[in-house]
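A short write-up of the structure that comes next.
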Amino acid sequence: MTDTLVAENLRKRYGDTVALDGVSLSVGAGEVFALIGPNGAGKTTLIRSLTGTTTPDEGRVSVLGGSPAVADKSRVGLLPQSFDPPARLSARELVRYYAGLYDESRDPDDALDDVGLADTGDTWYENLSGGQQRRACVAATLVNDPDVLFLDEPTTGIDPAGRRALWSLVEDLAAGGTTVFLTTHYMAEAERLADRVGLLADGELVAVGTPDALIADHGGESRLVVETDARRTAIETRFTIEETDSGLVFDGVTPADIGDVVAELNDRGIEYEALTWTEPDLEDVYLRLTGASLGPEVTRKAGQPAIAGGDQ
Ligand code: ADP
């Protein structure tokens, strides 16, 4: 079967800046692929290359079996990172405008319903909340019932309830056979939605795989963070301990081991503010593979402190 999206050795420079440095990937029909990387990694340039809104200097792109230039636009949807519709269009008028660009389109109210804005169709775009504005833009990308949907940071700035609504929508679309290619700053979003994740660093795709496989192969061990002023030399334990800004990090601690660590701390009279047990996530994978943080805009799973990763 032909892959819905194929990129082969894409390279793109802007002056001295290398935005894409030999990216190859393929995405199958009905797959949800999430691209993760810090600002400047090349995510938008890759989406723009795949959608034909920019032309790579080198390499080949195939969308739905042909080059982006000849791809049937009625089968493709694109939510750009910056999408700034006229302020004095209502949500329904906005979606209806996009519906008018296609020979065949869905009922704009159905598209608004998909994103949880069924009751907000008459509200001017400028009077929608930031999250509602983004959802209205997503509705506009759905009017042509695309077979392949590109979403560049679809949930940035959306409140948690709106984000969950969009996650359900993406899951429904994928279940219906839509191929979804998205970029995100939210690790939980990638872990929940993506069949496969691609980690982009300085224009290079450093790893591709299912979230579970990437975390199992590269995420490191589960760990217990002990918020304390104590130094690691004060403790004798079978676990490796790192000293970080958050306190002491005990590597390789499973839930069943937590009692042993607490007993050790108590035996030695070590005072601590809090204990947090964490499992490795995609940000740990990124840190370990690139040595670079995903940046302050990246949000880990709720309640997880950022821990300096790596083996140093
Ligand atoms: P991301 O989406 O991951 O933040 P981008 O694809 O927007 O990354 O950018 C990758 C690199 O290319 C960055 O260094 C950015 O400054 C640069 N870049 C992107 N678009 C342009 C452009 N039109 N002109 C000059 N530099 C650009």
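As shown in the structure tokens, the chain order sets the letters A, B, ...; within each chain, residues go from 1, and ligands are also counted from 1 in the order they appear.
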For this session: Within 10 Å of A:Ser82, counting only C-alpha atoms, which residues show up once you throw out same-chain ones fewer than 4 positions away? Write them as a PyMOL selection string, please.
Result: chain A and resi 134+152-153
Contact check, chain A to ligand 1, at most 7 Å, counting only C-alpha atoms and all ligand atoms, closest pairs as a Markdown table:
```
| residue | atom | partner | partner_atom_place_in_ligand_line | distance |
| --- | --- | --- | --- | --- |
| A:Tyr14 | CA | ligand 1 | 25 (C) | 4.8 |
| A:Thr17 | CA | ligand 1 | 14 (O) | 5.8 |
| A:Val18 | CA | ligand 1 | 12 (O) | 6.4 |
| A:Ala19 | CA | ligand 1 | 12 (O) | 4.2 |
| A:Gly37 | CA | ligand 1 | 3 (O) | 6.0 |
| A:Pro38 | CA | ligand 1 | 3 (O) | 5.9 |
| A:Asn39 | CA | ligand 1 | 4 (O) | 3.6 |
| A:Gly40 | CA | ligand 1 | 8 (O) | 3.5 |
| A:Ala41 | CA | ligand 1 | 3 (O) | 3.8 |
| A:Gly42 | CA | ligand 1 | 6 (O) | 3.2 |
| A:Lys43 | CA | ligand 1 | 3 (O) | 3.7 |
| A:Thr44 | CA | ligand 1 | 2 (O) | 3.6 |
| A:Thr45 | CA | ligand 1 | 6 (O) | 3.7 |
| A:Leu46 | CA | ligand 1 | 6 (O) | 6.4 |
```
For A:Thr237, list every protein, DNA or RNA residue within 10 Å, evaluated using only C-alpha atoms, and leave out those in the same chain fewer than 3 positions away; present the list as an mmCIF file with all heavy atoms, in the first residue's frame.
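As written to disk, result09.cif reads:
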```cif
data_model
loop_
_atom_site.group_PDB
_atom_site.id
_atom_site.type_symbol
_atom_site.label_atom_id
_atom_site.label_comp_id
_atom_site.auth_asym_id
_atom_site.auth_seq_id
_atom_site.Cartn_x
_atom_site.Cartn_y
_atom_site.Cartn_z
ATOM 1 N N ARG A 232 23.887 13.433 48.584
ATOM 2 C CA ARG A 232 23.733 11.992 48.312
ATOM 3 C C ARG A 232 24.687 11.150 49.147
ATOM 4 O O ARG A 232 24.427 9.974 49.410
ATOM 5 C CB ARG A 232 23.901 11.699 46.834
ATOM 6 C CG ARG A 232 25.275 11.981 46.269
ATOM 7 C CD ARG A 232 25.296 11.584 44.799
ATOM 8 N NE ARG A 232 26.450 12.147 44.139
ATOM 9 C CZ ARG A 232 26.610 12.149 42.827
ATOM 10 N NH1 ARG A 232 25.693 11.633 42.059
ATOM 11 N NH2 ARG A 232 27.678 12.659 42.295
ATOM 12 N N ALA A 234 25.112 11.271 52.108
ATOM 13 C CA ALA A 234 24.531 10.978 53.414
ATOM 14 C C ALA A 234 23.724 9.682 53.403
ATOM 15 O O ALA A 234 23.233 9.246 54.441
ATOM 16 C CB ALA A 234 23.628 12.141 53.834
ATOM 17 N N THR A 240 21.179 4.341 42.290
ATOM 18 C CA THR A 240 22.046 5.458 41.920
ATOM 19 C C THR A 240 21.318 6.754 42.246
ATOM 20 O O THR A 240 20.122 6.882 41.945
ATOM 21 C CB THR A 240 22.350 5.418 40.401
ATOM 22 O OG1 THR A 240 22.854 4.128 40.090
ATOM 23 C CG2 THR A 240 23.342 6.486 40.002
ATOM 24 N N ILE A 241 22.029 7.682 42.855
ATOM 25 C CA ILE A 241 21.393 8.948 43.230
ATOM 26 C C ILE A 241 22.061 10.086 42.463
ATOM 27 O O ILE A 241 23.283 10.169 42.376
ATOM 28 C CB ILE A 241 21.547 9.225 44.743
ATOM 29 C CG1 ILE A 241 20.990 8.060 45.557
ATOM 30 C CG2 ILE A 241 20.864 10.536 45.111
ATOM 31 C CD1 ILE A 241 21.207 8.231 47.064
ATOM 32 N N PHE A 250 16.539 9.380 42.883
ATOM 33 C CA PHE A 250 16.903 7.964 42.982
ATOM 34 C C PHE A 250 16.479 7.283 41.683
ATOM 35 O O PHE A 250 15.290 7.197 41.380
ATOM 36 C CB PHE A 250 16.169 7.307 44.160
ATOM 37 C CG PHE A 250 16.637 7.764 45.510
ATOM 38 C CD1 PHE A 250 16.435 9.071 45.931
ATOM 39 C CD2 PHE A 250 17.265 6.881 46.371
ATOM 40 C CE1 PHE A 250 16.859 9.491 47.184
ATOM 41 C CE2 PHE A 250 17.696 7.283 47.623
ATOM 42 C CZ PHE A 250 17.494 8.598 48.034
ATOM 43 N N ASP A 260 11.311 1.104 50.671
ATOM 44 C CA ASP A 260 12.715 0.915 51.070
ATOM 45 C C ASP A 260 13.442 2.255 51.148
ATOM 46 O O ASP A 260 14.239 2.494 52.058
ATOM 47 C CB ASP A 260 13.457 0.039 50.031
ATOM 48 C CG ASP A 260 12.961 -1.390 50.054
ATOM 49 O OD1 ASP A 260 12.178 -1.725 50.969
ATOM 50 O OD2 ASP A 260 13.351 -2.154 49.144
ATOM 51 N N VAL A 261 13.172 3.115 50.162
ATOM 52 C CA VAL A 261 13.853 4.416 50.150
ATOM 53 C C VAL A 261 13.401 5.244 51.354
ATOM 54 O O VAL A 261 14.220 5.857 52.053
ATOM 55 C CB VAL A 261 13.568 5.173 48.828
ATOM 56 C CG1 VAL A 261 14.188 6.571 48.870
ATOM 57 C CG2 VAL A 261 14.108 4.385 47.643
ATOM 58 N N GLU A 264 15.036 4.061 54.459
ATOM 59 C CA GLU A 264 16.434 4.486 54.490
ATOM 60 C C GLU A 264 16.551 5.952 54.920
ATOM 61 O O GLU A 264 17.384 6.314 55.764
ATOM 62 C CB GLU A 264 17.049 4.266 53.092
ATOM 63 C CG GLU A 264 18.384 4.905 52.819
ATOM 64 C CD GLU A 264 19.540 4.254 53.581
ATOM 65 O OE1 GLU A 264 19.333 3.139 54.102
ATOM 66 O OE2 GLU A 264 20.616 4.889 53.668
ATOM 67 N N LEU A 265 15.682 6.796 54.358
ATOM 68 C CA LEU A 265 15.706 8.224 54.722
ATOM 69 C C LEU A 265 15.398 8.388 56.204
ATOM 70 O O LEU A 265 16.069 9.149 56.917
ATOM 71 C CB LEU A 265 14.684 9.010 53.882
ATOM 72 C CG LEU A 265 14.929 9.068 52.366
ATOM 73 C CD1 LEU A 265 13.729 9.703 51.666
ATOM 74 C CD2 LEU A 265 16.196 9.857 52.038
#
```
Problem set entry | All residues 6 Å or closer to stretch 177-182 of chain A, only C-alpha atoms, same chain fewer than 3 positions away omitted, as an MDAnalysis selection string | chainID A and resid 29:34 147:152 173:174
For this session: Might you pull out every residue within 12 Å of A:Gly52, with only C-alpha atoms counted and same-chain residues fewer than 5 positions away left off, and present them as a list in words?
Result: Ala7, Thr44, Thr45, Leu46, Ile47, Arg60, Val61, Ser62, Val63, Gly66, Ser67, Pro68, Ala69, Val70, Ala71, Asp72, Lys73, Val76, Leu78 and Phe150 of chain A
Selection from above, N, CA and C atoms, as an mmCIF file, in the first residue's frame, can you write it?
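out.cif, written as the output of this step:
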```cif
data_model
loop_
_atom_site.group_PDB
_atom_site.id
_atom_site.type_symbol
_atom_site.label_atom_id
_atom_site.label_comp_id
_atom_site.auth_asym_id
_atom_site.auth_seq_id
_atom_site.Cartn_x
_atom_site.Cartn_y
_atom_site.Cartn_z
ATOM 1 N N ALA A 7 8.500 11.632 2.838
ATOM 2 C CA ALA A 7 9.553 12.650 2.682
ATOM 3 C C ALA A 7 10.860 11.898 2.539
ATOM 4 N N THR A 44 7.794 23.498 11.505
ATOM 5 C CA THR A 44 6.928 24.205 10.553
ATOM 6 C C THR A 44 7.481 24.089 9.137
ATOM 7 N N THR A 45 8.798 24.139 9.004
ATOM 8 C CA THR A 45 9.386 23.996 7.668
ATOM 9 C C THR A 45 9.063 22.622 7.092
ATOM 10 N N LEU A 46 9.049 21.602 7.945
ATOM 11 C CA LEU A 46 8.712 20.261 7.459
ATOM 12 C C LEU A 46 7.247 20.193 7.041
ATOM 13 N N ILE A 47 6.354 20.752 7.861
ATOM 14 C CA ILE A 47 4.930 20.768 7.480
ATOM 15 C C ILE A 47 4.751 21.558 6.185
ATOM 16 N N ARG A 60 12.611 14.751 -1.884
ATOM 17 C CA ARG A 60 11.350 14.464 -2.582
ATOM 18 C C ARG A 60 10.219 14.344 -1.570
ATOM 19 N N VAL A 61 9.062 14.894 -1.943
ATOM 20 C CA VAL A 61 7.874 14.791 -1.091
ATOM 21 C C VAL A 61 6.756 14.143 -1.889
ATOM 22 N N SER A 62 6.043 13.244 -1.240
ATOM 23 C CA SER A 62 4.852 12.671 -1.868
ATOM 24 C C SER A 62 3.687 12.774 -0.876
ATOM 25 N N VAL A 63 2.577 13.304 -1.368
ATOM 26 C CA VAL A 63 1.346 13.414 -0.573
ATOM 27 C C VAL A 63 0.242 12.728 -1.356
ATOM 28 N N GLY A 66 1.393 11.646 -4.896
ATOM 29 C CA GLY A 66 1.999 12.554 -5.880
ATOM 30 C C GLY A 66 2.686 13.715 -5.190
ATOM 31 N N SER A 67 3.254 14.620 -5.953
ATOM 32 C CA SER A 67 3.921 15.763 -5.329
ATOM 33 C C SER A 67 2.855 16.682 -4.729
ATOM 34 N N PRO A 68 3.225 17.496 -3.727
ATOM 35 C CA PRO A 68 2.226 18.388 -3.129
ATOM 36 C C PRO A 68 1.577 19.307 -4.162
ATOM 37 N N ALA A 69 2.332 19.654 -5.205
ATOM 38 C CA ALA A 69 1.797 20.580 -6.221
ATOM 39 C C ALA A 69 0.594 19.977 -6.949
ATOM 40 N N VAL A 70 0.595 18.650 -7.102
ATOM 41 C CA VAL A 70 -0.508 18.036 -7.852
ATOM 42 C C VAL A 70 -1.515 17.322 -6.938
ATOM 43 N N ALA A 71 -1.243 17.357 -5.617
ATOM 44 C CA ALA A 71 -2.160 16.674 -4.689
ATOM 45 C C ALA A 71 -3.543 17.320 -4.766
ATOM 46 N N ASP A 72 -4.558 16.505 -4.649
ATOM 47 C CA ASP A 72 -5.938 16.985 -4.681
ATOM 48 C C ASP A 72 -6.198 17.779 -3.394
ATOM 49 N N LYS A 73 -6.278 19.109 -3.532
ATOM 50 C CA LYS A 73 -6.394 19.975 -2.344
ATOM 51 C C LYS A 73 -7.667 19.700 -1.547
ATOM 52 N N VAL A 76 -6.933 17.425 1.363
ATOM 53 C CA VAL A 76 -5.912 17.822 2.330
ATOM 54 C C VAL A 76 -6.455 18.954 3.198
ATOM 55 N N LEU A 78 -5.140 21.808 6.308
ATOM 56 C CA LEU A 78 -3.945 22.373 6.944
ATOM 57 C C LEU A 78 -4.349 23.434 7.950
ATOM 58 N N PHE A 150 -3.055 18.223 8.378
ATOM 59 C CA PHE A 150 -1.845 18.739 9.013
ATOM 60 C C PHE A 150 -2.260 19.751 10.078
#
```
